[in-house]
Each structure stands twice: as C-alpha cells, then as structure tokens.
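Remarks on the structure that follows.
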Amino acid sequence: METLLYSVLMLSALGGLFAAALLIADRLLTDYGVCEIKVNDREPLSVEGGCTLLDALYANRVFIPSGCGGQGTCGHCKVTVISGGGPVLPTELPLLTQEEIAGGVRLACQVKVKQDIEVRIREEYFSIQQFRALVASVRALARDMRELRLRLTEPDRIEFRPGQYVQVEVPARGGPVHRAYSISSSPSEQGEVELIVRLVPGGVGSTYLHNVEVGDDVTFTGPYGEFILSEDPDTEVVCVAGGCGIAPAKSIISYVYERWPERRCTLFFGVRTTEDVFYRDEFDRQAGEHPGFRVHYALSEPEKGAAWDGETGFIHLCVDRLLAADDRPRQAFLCGPEPMIQATEEVLRAKNIPDEMIFYENW
Amino acid sequence: MADAQTTQAAVIFLAAAITNNILLSDFLGLCSFIAVSRTMRTSFGLGMAVLFVMACTTPLNYAIYHGVLAEGAPLLATDLTHLKLVVFIMVIAAFVQLVEMVIERFTPVLYYNLGIFLPLITVNCAILGASLFMLEREYDFWQTVAYGVGSGLGWALAICLMAGIRGRLQHADVPEPLRGLGITIIVTGLMAVAFLGFSGMARIQ
C-alpha cells in the first residue's frame, strides 16, 4: 500500500518538476520580446516576436497574398527581407530561384519574427483590405460544389479585376486560418462577391464554407491575384478550368460580355463525371446571346451508358483538338489542379500563345 | 583505485562507441537511422542531437535512479525501481522537448531539416536502451557518463557512415526490387558484421 502511494506521489512529483522546467525554458527561450517591422520605409510596426512575418503583418492590417494559407506551398507570399530574417530555410528553397535568394526574397509565411526586421513589399499590397460580409445566399451546384454569395457590410464595396481571389478567415482551434477562393462574380457587382467552394474531405476552409448558412458573418481579405485581362476587344479570351477552377473564368466571362458583347471567348471546362457538371444552363444561355462565345465541357471519367453530348477525355486534349492554332492575339486564363495547368500550358504554347499571355492559378 | 576506475571508464567509452556499437550490435534506434540517413547533412544533425540527448539523459537517469528510485536511496528509502521505465521515458521526453526549443531558437535551419525526427528522438529506443543497459551492467557514475557519451557517439558514427554509403549507392546499379529500403537494410547488416570484428577486444559487461 505504502509503495503504491509513494509510486503515485513520485510520478506526479517528477512529472510536475519536468513540466515546470519546460515551462520556464519555454519562457526564456521563446520570448523574443517586442520586435519592430519596418515595411517600405513606413512607420515601423511593433509586434510580439515569435510568430511568422505573414501573421505579424496580417495583425497590423498589412495583407500579403497567400494562396495556401501559410503552409509554404504556393509561394505567393514572397517579400524582400532586407535585414533580420535569419537564414533561408529548407522549407523555402523549393519555391525560390537562385536570383531571388541572392536578392533577399523570402516566404513571409516561413520567416519568424525574432528580431527587428526590415522588409520590402509591393506597394499595391497596401491597397488590400479586410472585408466583413453576410452570407446572402447559398446554392448546391453539384454533389460537392457550393456557390456562396457574400453581401459586403464593412466596407460595403470592393474593387477588383476579374479573376482575382480573396482569402477567407476560417475560425479554427488555435486562431483563424486563411484559405483562398477565387471570386466568380463580375467586378461590376461591387456590393457582393460570389465564391465557388468544393468540399475537400478534411479541409478546414471548405468544411467551414459548406456549413455557413444565410445570414452568417464571414470575414475575408482581398483582392489578390495576378490575372490581368487585356482591354483590347480584338484579343480573344481562352479560359481553361478544372472543377471549381471555373470561378475565375466565370468572373472573366461575365465581365467580358458586359463590356464587349461581340468579343471572342472560348471556355474549356473539365469535370470528372456527368454528376459533376454545373453552370451548364448559364454558359449555354450566354453562348446563345453572344455569338463570339463558345463553351466546351469535357468529362475525364464518363460513366458507362450515361447520356452525354459533350466532349470526353482530359481537358488539355480537348483544348488541343478544338482550339485552332492561329496568329490572332489571344490571352489564356487557366485555373485547376497542377497537372492540368502544366499539360494545358504546353498545349497553348504549341498553339502560339506566348508565355506572357498565359495566366494560371493552381491550388 | 581511482586510477583503475578512470581507465575502465575510458574502455567503456571506446567499447560503447565502436566494439559494442548500440546501433550495429544491439540494433537499437533503427527506425530513424534508416529514415534520416539519406543525406549527410541531416544525418550529422540527427547524430549530434542523439549524441547530446544520450550523453545527458543517461547520467540524469542514473542520478534519479540511484538518488530516488533505488531501495535505500538517499531521498526516499522505499523501493520504487518498478517505476524506472516510466520515469526514464519521462526524463527523455522532457529533455528532448528542451533540446527542440534550444535548436529552434539557435539553429532554425537544422530545426527544419530534422523536422519530425527531432521529436521522434523521444521514442528512439537507443536512448532508452542506453539508460537500461547502464542499470543492467551496474555501472558507477563515471562509467555511466562514459557509456552515455560513447553510445551516442557510436550511434552518430553509424548514421554518418550509412549516409556516406547511401550517397554512393545512389549511383550504384542496385537491382530494381532492392532499391531504397531493401539495400539499406542489407548494408546495415554488412556494417554490423564488420563491427562484429571488433567484438572481444573489450568487455563491458
């Protein structure tokens, strides 16, 4: 009996002792104090050290694009660190070129603020804002796709270029995380943004957005993204989308036909099966109204015996088959999974579309 | 007497590092050995981390065992030796946490290179093994220190050797089904056989 008592006491005592020692060490080792971040010669920002540069800037309302939400996989959050960033980490190497490393470019999501830091970011990032919005409507598009319309409350207007994206703040244990979604509505609708969200099993962002209901509050930052639509009405627009990658294409197409009803535009939309097809009525209606607009759906895994009058096979093969190789000016916007982007990019190059006219966004 | 003792500690140190290498003769700590030995840089980093943790936890466990747990110990006379496994693991886990914090603070590059394997040192059986062998072989304090440092050094030596060999294996014409893990385990066996050649040079138990 006595041994049992002593055993329990001893274990608890030792456990408590180690826990206390670790707590003290944690205090001493991970306390970096208050650090100053100097951004583009502006007033230095004071932040509590220890967090990432991306989070520190976000807390001070300087929003850096980050498609992957700070996981170090997209490379959108590149900033130039002039001093105080420490050595380049192995997690950054795959996304930085030799010249970028030599020029001090770092991924803001990987650099930890441990001392005073001086950074340079693109001046246009200062115009990115935080928005609060109410869910105005939700609509199921296909088995795992959902369309959400968010009505802005504060500020109540957003200006963006077609094809840009926003980052939704997703409440999570241990602080909010951010997930990027392309805006699928036209920039002419300044009071609302529309998002298309595919439910990714286990994904925090998509699970959250598939569960919000009409009237719920949603916070996001934006607009981000490098899609720049040519203002020349003679430039044909080619959009290639895979699954929920249709969002930026939908925004671009709506905008194109509001401004230039006669402009030539072709949409290639790849999904897996007939059950994944959505927006067909909308695009068919637009094709009926605008003779310059052509739309091709392609199924990559068509079910046997299902009624289907569109294309089949991978979408890049469909582009290869149906897009004529001519020398008229053309601009292409691709959005979808990485292998789709790579395969399609090759096809488009072979069709004489120069690299600087091909824009892509992958996830 | 003191002289004889220091000599013996030196012998134990050499024996633990080479002739009775904890990895190659006892096959402890194989999982991280095989997983991390792909490049020399990470192998060296992990080797040093294991060396440090082993060199510190073995004497620490010695002190706790003989100061508190053993029957008639100065702090508590009751026999609590049945707790040794749990206590040793706790000591190792706490120590690894500490090392992790230190490495993250001072060498972030090494921290990201070691990645998941740093916390996994906690369950590296070589480290617990060293503490248990130290008891089983009834070492005194200085012998324990020598054994801890020696074993850690031996483990680091083995993983660095392996990294060197694997670096060359990448350019070798290995039969298809043996590539990767297969050839690594065969090479480990061959290294163990080579180290077996040292056995008998020093007795440590």
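Simple scheme: letters A, B, ... for chains in structure tokens order, numbers from 1 for residues in each chain, numbers from 1 for ligands in the order shown.
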Please build the interface table for chain A against chain B with a cut-off of 12 Å, listing for each qualifying residue the nearest atom pair and the distance in Å to one decimal; count only C-alpha atoms, order rows by chain and increasing number, and write it as a Markdown table.
```
| residue | atom | partner | partner_atom | distance |
| --- | --- | --- | --- | --- |
| A:Met1 | CA | B:Thr78 | CA | 11.6 |
| A:Glu2 | CA | B:Thr78 | CA | 8.6 |
| A:Thr3 | CA | B:Thr78 | CA | 6.9 |
| A:Leu4 | CA | B:Leu80 | CA | 9.1 |
| A:Leu5 | CA | B:Leu80 | CA | 10.6 |
| A:Tyr6 | CA | B:Thr78 | CA | 7.8 |
| A:Ser7 | CA | B:Leu80 | CA | 6.5 |
| A:Val8 | CA | B:Leu83 | CA | 9.6 |
| A:Leu9 | CA | B:Leu80 | CA | 11.0 |
| A:Met10 | CA | B:Leu80 | CA | 8.7 |
| A:Leu11 | CA | B:Val87 | CA | 7.2 |
| A:Ser12 | CA | B:Val87 | CA | 10.4 |
| A:Ala13 | CA | B:Val87 | CA | 10.8 |
| A:Leu14 | CA | B:Val87 | CA | 7.8 |
| A:Gly15 | CA | B:Met90 | CA | 7.3 |
| A:Gly16 | CA | B:Met90 | CA | 10.8 |
| A:Leu17 | CA | B:Ala94 | CA | 10.0 |
| A:Phe18 | CA | B:Ala94 | CA | 6.2 |
| A:Ala19 | CA | B:Ala94 | CA | 7.6 |
| A:Ala20 | CA | B:Ala94 | CA | 10.3 |
| A:Ala21 | CA | B:Ala94 | CA | 8.6 |
| A:Leu22 | CA | B:Leu98 | CA | 6.6 |
| A:Leu23 | CA | B:Leu98 | CA | 9.7 |
| A:Ile24 | CA | B:Leu98 | CA | 10.2 |
| A:Ala25 | CA | B:Leu98 | CA | 7.1 |
| A:Asp26 | CA | B:Met101 | CA | 7.2 |
| A:Arg27 | CA | B:Met101 | CA | 10.4 |
| A:Leu28 | CA | B:Met101 | CA | 10.0 |
| A:Leu29 | CA | B:Arg105 | CA | 6.7 |
| A:Thr30 | CA | B:Arg105 | CA | 7.1 |
| A:Asp31 | CA | B:Arg105 | CA | 9.8 |
| A:Tyr32 | CA | B:Arg105 | CA | 9.7 |
| A:Gly50 | CA | B:Arg105 | CA | 9.9 |
| A:Gly85 | CA | B:Pro108 | CA | 11.2 |
| A:Gly86 | CA | B:Pro108 | CA | 8.5 |
| A:Pro87 | CA | B:Val109 | CA | 7.1 |
| A:Val88 | CA | B:Val109 | CA | 7.6 |
| A:Leu89 | CA | B:Val109 | CA | 5.4 |
| A:Pro90 | CA | B:Tyr112 | CA | 6.6 |
| A:Thr91 | CA | B:Tyr112 | CA | 7.2 |
| A:Glu92 | CA | B:Tyr112 | CA | 10.3 |
| A:Leu93 | CA | B:Val109 | CA | 11.4 |
| A:Gln110 | CA | B:Tyr112 | CA | 10.4 |
| A:Val111 | CA | B:Pro108 | CA | 10.0 |
| A:Lys112 | CA | B:Pro108 | CA | 9.6 |
| A:Val113 | CA | B:Arg105 | CA | 11.5 |
| A:Lys114 | CA | B:Arg105 | CA | 8.9 |
| A:Gln115 | CA | B:Arg105 | CA | 11.8 |
```
Non-local contacts of Leu181 in chain B (12 Å; only C-alpha atoms; under 2 positions in same chain excluded) as a VMD selection string = chain B and resid 30 to 31 33 to 38 166 169 174 176 to 179 183 to 188
Distance CA of Val96 in chain B-CA of Pro119 in chain B, one decimal place?
-> 6.6 Å
Within 9 Å of range 56-64 of chain A, counting only C-alpha atoms, which residues qualify if same-chain residues fewer than 5 places away don't, as JSON, numbers by chain?
-> {"A": [37, 45, 46, 47, 48, 49, 51, 76, 77, 78, 79, 108, 113, 121, 125, 126, 127, 128, 129, 130, 221, 222, 224]}
Could you write out the selected residues, including N, CA and C atoms, as a tab-separated table (two decimals), in the first residue's frame?
```tsv
chain	number	residue	atom	x	y	z
A	37	ILE	N	8.89	45.88	-37.09
A	37	ILE	CA	8.95	45.52	-38.51
A	37	ILE	C	8.82	46.80	-39.32
A	45	LEU	N	6.27	48.92	-37.41
A	45	LEU	CA	5.17	48.30	-36.68
A	45	LEU	C	5.77	47.54	-35.49
A	46	SER	N	5.10	47.63	-34.35
A	46	SER	CA	5.58	46.88	-33.19
A	46	SER	C	4.78	45.60	-33.07
A	47	VAL	N	5.45	44.46	-33.01
A	47	VAL	CA	4.73	43.20	-32.86
A	47	VAL	C	5.41	42.37	-31.79
A	48	GLU	N	4.65	41.44	-31.23
A	48	GLU	CA	5.17	40.48	-30.28
A	48	GLU	C	5.95	39.44	-31.07
A	49	GLY	N	7.24	39.23	-30.77
A	49	GLY	CA	8.06	38.31	-31.54
A	49	GLY	C	7.60	36.86	-31.39
A	51	CYS	N	6.01	34.97	-33.84
A	51	CYS	CA	5.08	34.49	-34.86
A	51	CYS	C	5.71	34.67	-36.24
A	76	HIS	N	3.10	32.49	-52.95
A	76	HIS	CA	2.53	33.82	-53.25
A	76	HIS	C	3.02	34.88	-52.27
A	77	CYS	N	3.48	34.47	-51.10
A	77	CYS	CA	3.76	35.46	-50.06
A	77	CYS	C	5.21	35.94	-50.09
A	78	LYS	N	5.81	35.95	-51.27
A	78	LYS	CA	7.20	36.39	-51.37
A	78	LYS	C	7.35	37.88	-51.02
A	79	VAL	N	8.29	38.16	-50.14
A	79	VAL	CA	8.63	39.54	-49.80
A	79	VAL	C	10.16	39.63	-49.78
A	108	ALA	N	7.04	34.97	-46.63
A	108	ALA	CA	6.64	35.60	-45.38
A	108	ALA	C	6.04	34.60	-44.40
A	113	VAL	N	9.48	36.13	-36.86
A	113	VAL	CA	9.94	37.42	-36.34
A	113	VAL	C	10.65	37.16	-35.01
A	121	ILE	N	7.73	45.25	-49.60
A	121	ILE	CA	6.65	44.54	-50.26
A	121	ILE	C	6.17	45.41	-51.42
A	125	TYR	N	0.20	46.06	-52.38
A	125	TYR	CA	-0.36	45.26	-51.30
A	125	TYR	C	-1.03	46.13	-50.24
A	126	PHE	N	-0.61	47.39	-50.18
A	126	PHE	CA	-1.21	48.27	-49.16
A	126	PHE	C	-2.68	48.55	-49.47
A	127	SER	N	-3.10	48.33	-50.72
A	127	SER	CA	-4.50	48.61	-51.05
A	127	SER	C	-5.41	47.40	-50.75
A	128	ILE	N	-4.81	46.28	-50.33
A	128	ILE	CA	-5.63	45.12	-49.97
A	128	ILE	C	-6.30	45.40	-48.62
A	129	GLN	N	-7.61	45.10	-48.57
A	129	GLN	CA	-8.37	45.46	-47.38
A	129	GLN	C	-8.99	44.23	-46.74
A	130	GLN	N	-9.47	44.42	-45.52
A	130	GLN	CA	-10.24	43.37	-44.88
A	130	GLN	C	-11.72	43.72	-45.02
A	221	THR	N	-10.14	38.86	-46.73
A	221	THR	CA	-9.26	39.93	-47.19
A	221	THR	C	-9.07	39.79	-48.69
A	222	GLY	N	-8.74	40.88	-49.33
A	222	GLY	CA	-8.55	40.80	-50.77
A	222	GLY	C	-8.56	42.20	-51.39
A	224	TYR	N	-6.64	39.66	-54.20
A	224	TYR	CA	-5.29	39.24	-54.51
A	224	TYR	C	-5.29	38.64	-55.92
```
8 Å contact set for Ala9 in chain B, only C-alpha atoms, chain neighbours under 5 positions out, as a compact mmCIF listing (two decimals) with C-alpha atoms, in the first residue's frame:
```
# COMPACT_ATOMS: atom_id res chain seq x y z
CA TRP B 142 31.67 7.95 -14.32
CA GLN B 143 31.22 4.72 -16.18
CA ALA B 146 31.41 7.37 -20.47
CA TYR B 147 28.81 4.87 -21.62
```
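Excluding Tyr297 in chain A itself and any same-chain residue fewer than 3 positions from it, the protein and nucleic acid residues within 7 Å of it, counting only C-alpha atoms, are A:Phe268, A:Phe269, A:Gly270, A:Gly310, A:Glu311.
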For the residues in the current selection, export N, CA and C atoms as a CSV table (one decimal), in the first residue's frame.
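Okay, part22.csv is ready:
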```csv
chain,number,residue,atom,x,y,z
A,268,PHE,N,-13.1,26.2,-71.9
A,268,PHE,CA,-13.0,24.8,-71.8
A,268,PHE,C,-13.2,24.4,-70.3
A,269,PHE,N,-14.1,23.6,-70.0
A,269,PHE,CA,-14.5,23.3,-68.6
A,269,PHE,C,-14.4,21.8,-68.4
A,270,GLY,N,-13.4,21.3,-67.6
A,270,GLY,CA,-13.2,19.9,-67.4
A,270,GLY,C,-13.7,19.5,-66.0
A,310,GLY,N,-21.4,16.1,-74.7
A,310,GLY,CA,-20.2,17.0,-74.8
A,310,GLY,C,-18.9,16.1,-75.1
A,311,GLU,N,-17.8,16.7,-74.7
A,311,GLU,CA,-16.5,16.1,-75.0
A,311,GLU,C,-16.2,15.1,-73.9
```
Top pick for closest residue to Trp260 in chain A, considering A:Phe131, A:Tyr208, A:Tyr165, A:Phe293 and counting only C-alpha atoms = A:Phe293
